[in-house]
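Participant: The structure is given below, and queries will be raised subsequently.
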Amino acid sequence: MRAVDRSIGRPLAWLLTRVRSILPEPATRPPAEVRRVLFVKLSEMGAIVLAAPAMAEVRRIFPPAEPWLLCFDENAAIAETAAGLAPGRVLRVPSSGLCGTIFGLLAAVRRVRRERFDVVIDLEYL
């Protein structure tokens, strides 16, 4: 996974950062209008446990919001338990080999776009 991140992830992140720098900033919403918050933490089960207070804080700041999590399959159960997320609010990405993971990530991107999240919080570098 680290080799894939180095060879594809870094250049892709660089490219998307450049694209975003030329786009206008999205309009911010008042807290009362935030309905869906997505946390992204694909790997590291322990970091998902450590992120549980952040998810609780989102519930406090945005009372009507539904917290969601995007993670690998093997971390979904701990996310549901530690963060108190409903099973339907955990988007699972299979980590069954390189092709399965890539197709799973592409499916997750489609689902994230379909769900239209108001806030996305990247926990990958926690």
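Residue numbers start at 1 in each chain; chains themselves are named A, B, ... in the order of the structure tokens; ligands are numbered from 1 in the order shown.
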Give me every alpha helix (DSSP H) residue in chain A, going by DSSP on the backbone, as a tab-separated table (two decimals) with N, CA and C atoms, in the first residue's frame.

Facilitator:
```
chain	number	residue	atom	x	y	z
A	2	ARG	N	1.99	1.21	0.71
A	2	ARG	CA	2.87	2.38	0.74
A	2	ARG	C	3.48	2.65	-0.63
A	3	ALA	N	3.80	1.58	-1.35
A	3	ALA	CA	4.37	1.76	-2.70
A	3	ALA	C	3.34	2.41	-3.62
A	4	VAL	N	2.09	1.99	-3.50
A	4	VAL	CA	1.03	2.58	-4.31
A	4	VAL	C	0.85	4.04	-3.94
A	10	ARG	N	0.97	10.43	-4.11
A	10	ARG	CA	1.64	11.74	-4.02
A	10	ARG	C	1.47	12.58	-5.29
A	11	PRO	N	1.73	12.00	-6.48
A	11	PRO	CA	1.51	12.82	-7.68
A	11	PRO	C	0.05	13.24	-7.85
A	12	LEU	N	-0.87	12.36	-7.51
A	12	LEU	CA	-2.29	12.70	-7.62
A	12	LEU	C	-2.66	13.81	-6.64
A	13	ALA	N	-2.16	13.73	-5.42
A	13	ALA	CA	-2.42	14.79	-4.43
A	13	ALA	C	-1.85	16.12	-4.90
A	14	TRP	N	-0.64	16.09	-5.46
A	14	TRP	CA	-0.02	17.31	-5.98
A	14	TRP	C	-0.88	17.91	-7.08
A	15	LEU	N	-1.31	17.06	-8.02
A	15	LEU	CA	-2.13	17.54	-9.14
A	15	LEU	C	-3.45	18.12	-8.66
A	16	LEU	N	-4.14	17.42	-7.76
A	16	LEU	CA	-5.42	17.91	-7.27
A	16	LEU	C	-5.27	19.19	-6.46
A	17	THR	N	-4.16	19.34	-5.75
A	17	THR	CA	-3.90	20.59	-5.02
A	17	THR	C	-3.76	21.74	-6.00
A	18	ARG	N	-3.06	21.53	-7.11
A	18	ARG	CA	-2.91	22.58	-8.12
A	18	ARG	C	-4.26	22.93	-8.75
A	19	VAL	N	-5.06	21.93	-9.06
A	19	VAL	CA	-6.38	22.17	-9.64
A	19	VAL	C	-7.24	22.96	-8.67
A	20	ARG	N	-7.21	22.57	-7.41
A	20	ARG	CA	-8.04	23.25	-6.41
A	20	ARG	C	-7.62	24.70	-6.22
A	21	SER	N	-6.32	24.99	-6.40
A	21	SER	CA	-5.84	26.36	-6.19
A	21	SER	C	-6.40	27.33	-7.22
A	22	ILE	N	-6.83	26.83	-8.37
A	22	ILE	CA	-7.38	27.73	-9.38
A	22	ILE	C	-8.91	27.80	-9.33
A	45	MET	N	-6.31	0.88	12.64
A	45	MET	CA	-7.44	0.70	13.54
A	45	MET	C	-7.32	1.57	14.80
A	46	GLY	N	-6.14	1.67	15.34
A	46	GLY	CA	-5.94	2.47	16.55
A	46	GLY	C	-6.25	3.94	16.34
A	47	ALA	N	-5.92	4.45	15.17
A	47	ALA	CA	-6.22	5.86	14.87
A	47	ALA	C	-7.71	6.10	14.76
A	48	ILE	N	-8.45	5.08	14.32
A	48	ILE	CA	-9.91	5.21	14.28
A	48	ILE	C	-10.45	5.33	15.69
A	49	VAL	N	-9.91	4.55	16.60
A	49	VAL	CA	-10.32	4.64	18.01
A	49	VAL	C	-9.99	6.03	18.56
A	50	LEU	N	-8.79	6.53	18.23
A	50	LEU	CA	-8.39	7.85	18.70
A	50	LEU	C	-9.23	8.97	18.08
A	51	ALA	N	-9.84	8.72	16.93
A	51	ALA	CA	-10.66	9.72	16.26
A	51	ALA	C	-12.09	9.77	16.82
A	52	ALA	N	-12.47	8.83	17.65
A	52	ALA	CA	-13.83	8.80	18.20
A	52	ALA	C	-14.21	10.11	18.90
A	53	PRO	N	-13.32	10.74	19.69
A	53	PRO	CA	-13.68	12.03	20.29
A	53	PRO	C	-13.95	13.12	19.26
A	54	ALA	N	-13.26	13.07	18.13
A	54	ALA	CA	-13.52	14.06	17.08
A	54	ALA	C	-14.92	13.87	16.52
A	55	MET	N	-15.34	12.64	16.39
A	55	MET	CA	-16.69	12.37	15.89
A	55	MET	C	-17.74	12.83	16.91
A	56	ALA	N	-17.44	12.66	18.18
A	56	ALA	CA	-18.34	13.15	19.22
A	56	ALA	C	-18.42	14.68	19.19
A	57	GLU	N	-17.29	15.32	18.93
A	57	GLU	CA	-17.26	16.78	18.85
A	57	GLU	C	-18.09	17.28	17.66
A	58	VAL	N	-18.06	16.56	16.57
A	58	VAL	CA	-18.89	16.93	15.41
A	58	VAL	C	-20.36	16.86	15.80
A	59	ARG	N	-20.72	15.85	16.55
A	59	ARG	CA	-22.13	15.75	16.99
A	59	ARG	C	-22.51	16.93	17.88
A	60	ARG	N	-21.55	17.45	18.66
A	60	ARG	CA	-21.82	18.58	19.54
A	60	ARG	C	-21.91	19.89	18.74
A	61	ILE	N	-20.98	20.09	17.81
A	61	ILE	CA	-20.94	21.34	17.03
A	61	ILE	C	-22.07	21.40	16.01
A	73	ASP	N	-12.44	-2.37	5.03
A	73	ASP	CA	-13.35	-3.38	5.60
A	73	ASP	C	-12.94	-3.84	6.99
A	74	GLU	N	-11.65	-4.14	7.16
A	74	GLU	CA	-11.21	-4.73	8.43
A	74	GLU	C	-11.31	-3.77	9.60
A	75	ASN	N	-11.50	-2.48	9.35
A	75	ASN	CA	-11.61	-1.50	10.43
A	75	ASN	C	-13.05	-1.07	10.71
A	76	ALA	N	-13.99	-1.56	9.93
A	76	ALA	CA	-15.37	-1.10	10.05
A	76	ALA	C	-15.99	-1.46	11.39
A	77	ALA	N	-15.78	-2.67	11.87
A	77	ALA	CA	-16.40	-3.10	13.12
A	77	ALA	C	-15.92	-2.26	14.30
A	78	ILE	N	-14.62	-1.98	14.36
A	78	ILE	CA	-14.11	-1.16	15.46
A	78	ILE	C	-14.63	0.26	15.36
A	79	ALA	N	-14.81	0.75	14.14
A	79	ALA	CA	-15.35	2.11	13.95
A	79	ALA	C	-16.78	2.19	14.46
A	80	GLU	N	-17.56	1.17	14.16
A	80	GLU	CA	-18.94	1.16	14.62
A	80	GLU	C	-19.00	1.10	16.14
A	81	THR	N	-18.10	0.33	16.75
A	81	THR	CA	-18.10	0.18	18.20
A	81	THR	C	-17.51	1.41	18.90
A	82	ALA	N	-16.31	1.81	18.51
A	82	ALA	CA	-15.61	2.90	19.21
A	82	ALA	C	-16.27	4.25	19.00
A	83	ALA	N	-16.75	4.50	17.79
A	83	ALA	CA	-17.31	5.82	17.49
A	83	ALA	C	-18.84	5.83	17.58
A	97	GLY	N	-6.24	-7.22	-2.19
A	97	GLY	CA	-5.33	-7.12	-3.31
A	97	GLY	C	-5.38	-5.76	-3.99
A	98	LEU	N	-4.44	-5.52	-4.86
A	98	LEU	CA	-4.32	-4.22	-5.50
A	98	LEU	C	-5.54	-3.87	-6.34
A	99	CYS	N	-5.96	-4.78	-7.22
A	99	CYS	CA	-7.11	-4.49	-8.09
A	99	CYS	C	-8.39	-4.31	-7.27
A	100	GLY	N	-8.61	-5.19	-6.31
A	100	GLY	CA	-9.82	-5.08	-5.47
A	100	GLY	C	-9.85	-3.78	-4.71
A	101	THR	N	-8.69	-3.36	-4.21
A	101	THR	CA	-8.62	-2.09	-3.47
A	101	THR	C	-8.87	-0.90	-4.38
A	102	ILE	N	-8.28	-0.92	-5.57
A	102	ILE	CA	-8.48	0.19	-6.50
A	102	ILE	C	-9.94	0.30	-6.91
A	103	PHE	N	-10.55	-0.83	-7.28
A	103	PHE	CA	-11.97	-0.80	-7.65
A	103	PHE	C	-12.85	-0.40	-6.47
A	104	GLY	N	-12.47	-0.86	-5.27
A	104	GLY	CA	-13.21	-0.46	-4.07
A	104	GLY	C	-13.12	1.02	-3.79
A	105	LEU	N	-11.93	1.60	-4.00
A	105	LEU	CA	-11.76	3.05	-3.80
A	105	LEU	C	-12.56	3.84	-4.83
A	106	LEU	N	-12.57	3.37	-6.07
A	106	LEU	CA	-13.36	4.06	-7.10
A	106	LEU	C	-14.85	4.00	-6.78
A	107	ALA	N	-15.31	2.86	-6.30
A	107	ALA	CA	-16.72	2.74	-5.90
A	107	ALA	C	-17.02	3.66	-4.72
A	108	ALA	N	-16.06	3.77	-3.79
A	108	ALA	CA	-16.24	4.66	-2.63
A	108	ALA	C	-16.33	6.12	-3.08
A	109	VAL	N	-15.52	6.50	-4.05
A	109	VAL	CA	-15.57	7.88	-4.56
A	109	VAL	C	-16.94	8.15	-5.17
A	110	ARG	N	-17.46	7.21	-5.94
A	110	ARG	CA	-18.80	7.38	-6.51
A	110	ARG	C	-19.85	7.53	-5.41
A	111	ARG	N	-19.74	6.70	-4.39
A	111	ARG	CA	-20.71	6.76	-3.29
A	111	ARG	C	-20.62	8.08	-2.53
A	112	VAL	N	-19.39	8.54	-2.27
A	112	VAL	CA	-19.19	9.81	-1.56
A	112	VAL	C	-19.81	10.95	-2.37
A	113	ARG	N	-19.62	10.93	-3.66
A	113	ARG	CA	-20.21	11.99	-4.50
A	113	ARG	C	-21.74	11.91	-4.48
A	114	ARG	N	-22.27	10.71	-4.48
A	114	ARG	CA	-23.73	10.52	-4.46
A	114	ARG	C	-24.34	10.98	-3.14
A	115	GLU	N	-23.64	10.76	-2.04
A	115	GLU	CA	-24.16	11.12	-0.71
A	115	GLU	C	-24.13	12.62	-0.45
```

Participant: Show which residues sit within 7 Å of Ala65 (chain A), as JSON, numbers by chain. Count only C-alpha atoms, and ignore same-chain residues fewer than 6 positions away.

Facilitator: {"A": [34, 35, 36, 37, 59]}

Participant: Identify, on the basis of only C-alpha atoms, every residue whose closest approach to Thr28 (chain A) does not exceed 12 Å; exclude the query and any residue fewer than 5 positions from it along the same chain; express the result as a PyMOL selection string.

Facilitator: chain A and resi 33-34+118-119

Participant: Can I get the selection written as a PDB file, in the first residue's frame, with C-alpha atoms?

Facilitator:
```pdb
ATOM      1  CA  GLU A  33     -27.216  23.636   7.906  1.00  0.00           C
ATOM      2  CA  VAL A  34     -24.553  20.913   8.061  1.00  0.00           C
ATOM      3  CA  ASP A 118     -21.361  18.916   3.619  1.00  0.00           C
ATOM      4  CA  VAL A 119     -18.027  18.478   5.430  1.00  0.00           C
TER       5      VAL A 119
END
```

Participant: I'd like to know which of A:Ile121, A:Ala32, A:Val90, A:Leu42 is closest to Phe62 (chain A), using only C-alpha atoms.

Facilitator: A:Ala32

Participant: Between CA of Arg116 (chain A) and CA of Phe72 (chain A), what is the spacing in Å?

Facilitator: 20.3 Å

Participant: Could you tell me how far CA of Ser95 (chain A) lies from CA of Ile8 (chain A), in Å and to one decimal?

Facilitator: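 Computing the Euclidean distance for CA of Ser95 (chain A) and CA of Ile8 (chain A) yields 16.7 Å.
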
Participant: As a compact mmCIF listing (two decimals) with N, CA and C atoms, in the first residue's frame, please: every residue in chain A that a backbone DSSP assignment puts in strand (DSSP E).

Facilitator:
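The result, stored in states.txt:
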```txt
# COMPACT_ATOMS: atom_id res chain seq x y z
N ARG A 36 -24.40 16.28 6.83
CA ARG A 36 -23.60 15.06 6.69
C ARG A 36 -22.12 15.39 6.79
N VAL A 37 -21.43 14.68 7.67
CA VAL A 37 -19.99 14.88 7.87
C VAL A 37 -19.30 13.54 7.63
N LEU A 38 -18.32 13.53 6.74
CA LEU A 38 -17.59 12.31 6.43
C LEU A 38 -16.17 12.40 6.99
N PHE A 39 -15.79 11.40 7.77
CA PHE A 39 -14.42 11.25 8.23
C PHE A 39 -13.76 10.21 7.33
N VAL A 40 -12.54 10.47 6.89
CA VAL A 40 -11.81 9.53 6.04
C VAL A 40 -10.61 9.02 6.83
N GLU A 66 -25.15 14.00 10.58
CA GLU A 66 -24.92 12.56 10.66
C GLU A 66 -23.43 12.31 10.39
N PRO A 67 -22.67 11.83 11.38
CA PRO A 67 -21.27 11.49 11.10
C PRO A 67 -21.16 10.17 10.34
N TRP A 68 -20.31 10.13 9.34
CA TRP A 68 -20.03 8.94 8.54
C TRP A 68 -18.52 8.70 8.58
N LEU A 69 -18.12 7.49 8.21
CA LEU A 69 -16.69 7.15 8.15
C LEU A 69 -16.41 6.34 6.90
N LEU A 70 -15.32 6.65 6.23
CA LEU A 70 -14.82 5.87 5.10
C LEU A 70 -13.58 5.14 5.59
N CYS A 71 -13.59 3.80 5.55
CA CYS A 71 -12.45 3.02 6.05
C CYS A 71 -12.37 1.69 5.31
N PHE A 72 -11.25 0.99 5.52
CA PHE A 72 -11.11 -0.35 4.97
C PHE A 72 -12.02 -1.30 5.73
N VAL A 90 -21.02 3.63 7.76
CA VAL A 90 -19.61 3.31 7.56
C VAL A 90 -19.46 2.83 6.12
N LEU A 91 -18.73 3.60 5.32
CA LEU A 91 -18.47 3.23 3.94
C LEU A 91 -17.23 2.36 3.93
N ARG A 92 -17.39 1.12 3.51
CA ARG A 92 -16.31 0.13 3.57
C ARG A 92 -15.62 -0.01 2.22
N VAL A 93 -14.30 -0.04 2.27
CA VAL A 93 -13.48 -0.26 1.08
C VAL A 93 -12.79 -1.60 1.25
N VAL A 119 -19.38 18.31 4.87
CA VAL A 119 -18.03 18.48 5.43
C VAL A 119 -17.30 17.15 5.29
N VAL A 120 -16.04 17.20 4.86
CA VAL A 120 -15.20 16.01 4.79
C VAL A 120 -13.94 16.30 5.59
N ILE A 121 -13.64 15.40 6.52
CA ILE A 121 -12.47 15.56 7.40
C ILE A 121 -11.51 14.41 7.13
N ASP A 122 -10.32 14.74 6.66
CA ASP A 122 -9.30 13.74 6.34
C ASP A 122 -8.48 13.44 7.59
```

Participant: So the first atom is CA of Glu25 (chain A) and the second is CA of Pro64 (chain A); what is the distance between them in Å, to one decimal place?

Facilitator: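 It comes out at 24.4 Å.
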